[in-house]
Structures are given as C-alpha cells and as structure tokens.
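Report on the structure given below.
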Amino acid sequence: MPTPQPLTIVVAINPSASFGKSRTVGPTVVARLRAAGHTVTALEEPTFARLVEVATRAIAQKPDALVVVGGDGMVSLGVNLLATTTLPLGIIPSGTGNDMARGLGIPIGDTGAAIDVLLAAIARPSRAIDAGRIRHTDDATGEPRTTWFASVLSAGFDAIVNERANTLRRPRGKSRYLVALAIELARLRPIRYRLVLDGAETVTDAALIAVGNNRSIGGGMRVTPDAVIDDGLFDVLVVTPLSRMAFVRVFPRVFAGTHLTDRRVTVHRAKTVRIEADSVAAYADGERVSLLPVDVEIVPGALHVLMP
C-alpha cells in the first residue's frame, strides 16, 4: 500500500520480542514499510535501557515517524520520547497488555491488520491526543523527574499487584499477574490517601486510585471505561476499601467496565491530580514510575499518534 511520498521512519522493537511467537513481528513491520517505499531505521537492542539510548539519538535526526513494536512498555518509551513534539507515534501491538493500541482502535493479535492500519495512517495527518505529565521524585537518586503517560496511572492495589508480579519469574504473560493478584488479595488492606483534584483536597481510605486518559490497563481491564483520549480531562477512579469477598465480586466487572455502578466506586474528572500515600508506588502505562507522592496534569494535544 504505497503512500504518495516516501517517509523516513524509525522502528523500535521490544528487546524481549526476539523470542517466542512475537519474534517475527518486528522484521515483518520493517519489511512491509520498506516494500511501501519508506526509508526505515530498525532499532533492535539487547536491553530496554540501550534501546532508549539509541532511539533518543535516532529521534534527534528528525525522522517523519517513530513506530514501536511491543506492548505498553514500548508505548511508554515512545510517549516519553515524543510528548510535546509533533513527531507522530505508530504502534504495532505485540505485548501482553496492548491497552494503548486497544484504546486507539489498532488491531490486536493480527499483525497484518495492524500494519495495514499503520500504512494507511502514515498517508494521513496524525491525530493529536492528550498525555499525562507526572512530576515525581526518582527513588534511586532523590532527584525530581518528569515522566509522561498516555493510558492510565495507577496507585493502589493494582500497583501493589504489579510490584508483586515483577518479582515473579513464573508464570509468564497474563498468568503472572493473576498469581500476583491471588498473593496480594490475601494481604488486602485499606490505604490512607491524600488526594488533591484541581486544588480540592480529600483525605480518604481507599483500595485503589487510578488516573485514566485511556480506558484500560492490564490487558483489557476497563478501569476508567468512559475516559476520552482528547477531552482535556482525566477520569480519576477511587475505590473505597473492600473486604476480600467484596473485591472478588467487584473485580470481574472491571473487564466489562460495569464496576462503575457499584456504590463503592466513584469517578471524578480533573485536569490536575496529586496523590500521596505511604509506601505505595505509582505505575503508568504498566511501567513503574516511583513511590508516591506524584503530581499529574493533563496536557491537551501533547502526543501525535498514527491510528485508524
């Protein structure tokens, strides 16, 4: 599907995609783009940290687009490289979560269809969507940092489960999250938060707080199902403390987004959010940010994407 004008495109491929069923996705993307007449720089590095370094240098050469191949971790890489620029981000989902691709309407589980969408999108103007800017403190250095996200920031039970999942070597994929969920459910306890939404402060006990620009996390859990990626507002989900049995009843409803009808679940809309709590980490787009506190603000139109 050739486009009217050949472009210069950087393709960053998840280092872990060199193994398993995803190992052919990156080369297929590169081959299809080149067959369409584009000039492609393929980035394949042994570690994620090295990939970030090489991709940063490649972006400095001002290509026409950056395409990431992988899951939400690769989306996070792209968002943090491109936020506040006009360089568009393309996504070929091949990870375990793929929530940003899901929110943008990019086909999941069908590489050929996702590439077809990418090739068509490259021929059109990109779409500007909102992104979240997080100001926080680096856990290792104590220095102030800024991190960007496009999907959801979570700080509560789901983040605790993520922390646990990252310590497990087995099983792989979504099953690891479910094992971590079972472990942490046995330790479920309320968290005391200080939450500031657009300057209005609340101190509350909660099980979970999520700040959504997009609808889902964790491979389709629709925590903020009504979030809109370009409305200039976050959907801030607050779940009050739940017993283990209540959690087990409510949790399955997250996949359908029907948990919002539960009286213990509330959603607020805000442009700025501050979250404070002791010994709780924040995760954004599935990646660890830091321990709380974090200050989050929506930046309208901060990210350009290639989408259907």
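How things are named: the first chain in the structure tokens is A, the next is B, and so on; residues count from 1 in each chain; ligands count from 1 in the order shown.
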
Restrict the calculation to only C-alpha atoms, then for each residue of stretch 205-224 of chain A with any atom at most 12 Å from an atom of stretch 295-303 of chain A give the closest atom pair and their distance in Å to one decimal, rows by chain and rising residue number, as a tab-separated table.
```
residue	atom	partner	partner_atom	distance
A:Ala210	CA	A:Val296	CA	11.4
A:Val211	CA	A:Val296	CA	8.6
A:Gly212	CA	A:Ile298	CA	10.0
A:Asn213	CA	A:Ile298	CA	8.2
A:Asn214	CA	A:Ile298	CA	11.9
```

Create the file for the chosen residues now, containing C-alpha atoms and written as a compact mmCIF listing (two decimals), in the first residue's frame.
```
# COMPACT_ATOMS: atom_id res chain seq x y z
CA ALA A 210 -6.38 5.23 39.00
CA VAL A 211 -5.93 8.27 36.77
CA GLY A 212 -7.18 7.48 33.28
CA ASN A 213 -6.56 9.22 29.99
CA ASN A 214 -7.40 5.96 28.21
```

Task: Contacts of A:Val79 at 7 Å (only C-alpha atoms; same-chain gap of 4+ positions) as a list in words - done: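 Here the answer would be Val75, Ala83, Trp148, Phe149 and Ala150 of chain A.
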
Task: Shortest interatomic distance to A:Val248 - which of A:Leu153, A:Leu185, A:Val69, A:Ile275, counting only C-alpha atoms - done: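 When distances to A:Val248 are compared using only C-alpha atoms, the smallest one comes from A:Leu185.
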
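Among the candidate residues A:Gly220, A:Leu119, A:Ala206, A:Leu195, the one lying nearest to A:Leu242 is A:Ala206, with distances computed using only C-alpha atoms.
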
TODO: Name the residues in contact with A:Gly109 at a cut-off of 8 Å, using only C-alpha atoms, excluding same-chain residues fewer than 2 positions from it; report them as a list in words.
DONE: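 Here the qualifying residues turn out to be Pro93, Ser94, Pro107 and Thr111 of chain A.
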
Write to file, as a PDB file, in the first residue's frame, the residues of the selection just made, with C-alpha atoms.
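What follows is the written file result.pdb:
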```pdb
ATOM      1  CA  PRO A  93       0.929  -4.266  19.359  1.00  0.00           C
ATOM      2  CA  SER A  94       2.741  -7.494  20.227  1.00  0.00           C
ATOM      3  CA  PRO A 107      -5.995  -4.361  15.739  1.00  0.00           C
ATOM      4  CA  THR A 111      -0.023  -8.201  12.848  1.00  0.00           C
TER       5      THR A 111
END
```

TODO: Can you work out which one of A:Asp130, A:Asp158, A:Glu53, A:Asp99 has the shortest atom-to-atom distance to A:Ala12, counting only C-alpha atoms?
DONE: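 Going through A:Asp130, A:Asp158, A:Glu53, A:Asp99 one by one, the smallest distance to A:Ala12 is for A:Glu53.
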
Task: Among listed residues A:Val203, A:Leu82, A:Ile106, A:Val10, nearest A:Leu118 (using only C-alpha atoms) - done: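 The closest residue to A:Leu118 is A:Ile106.
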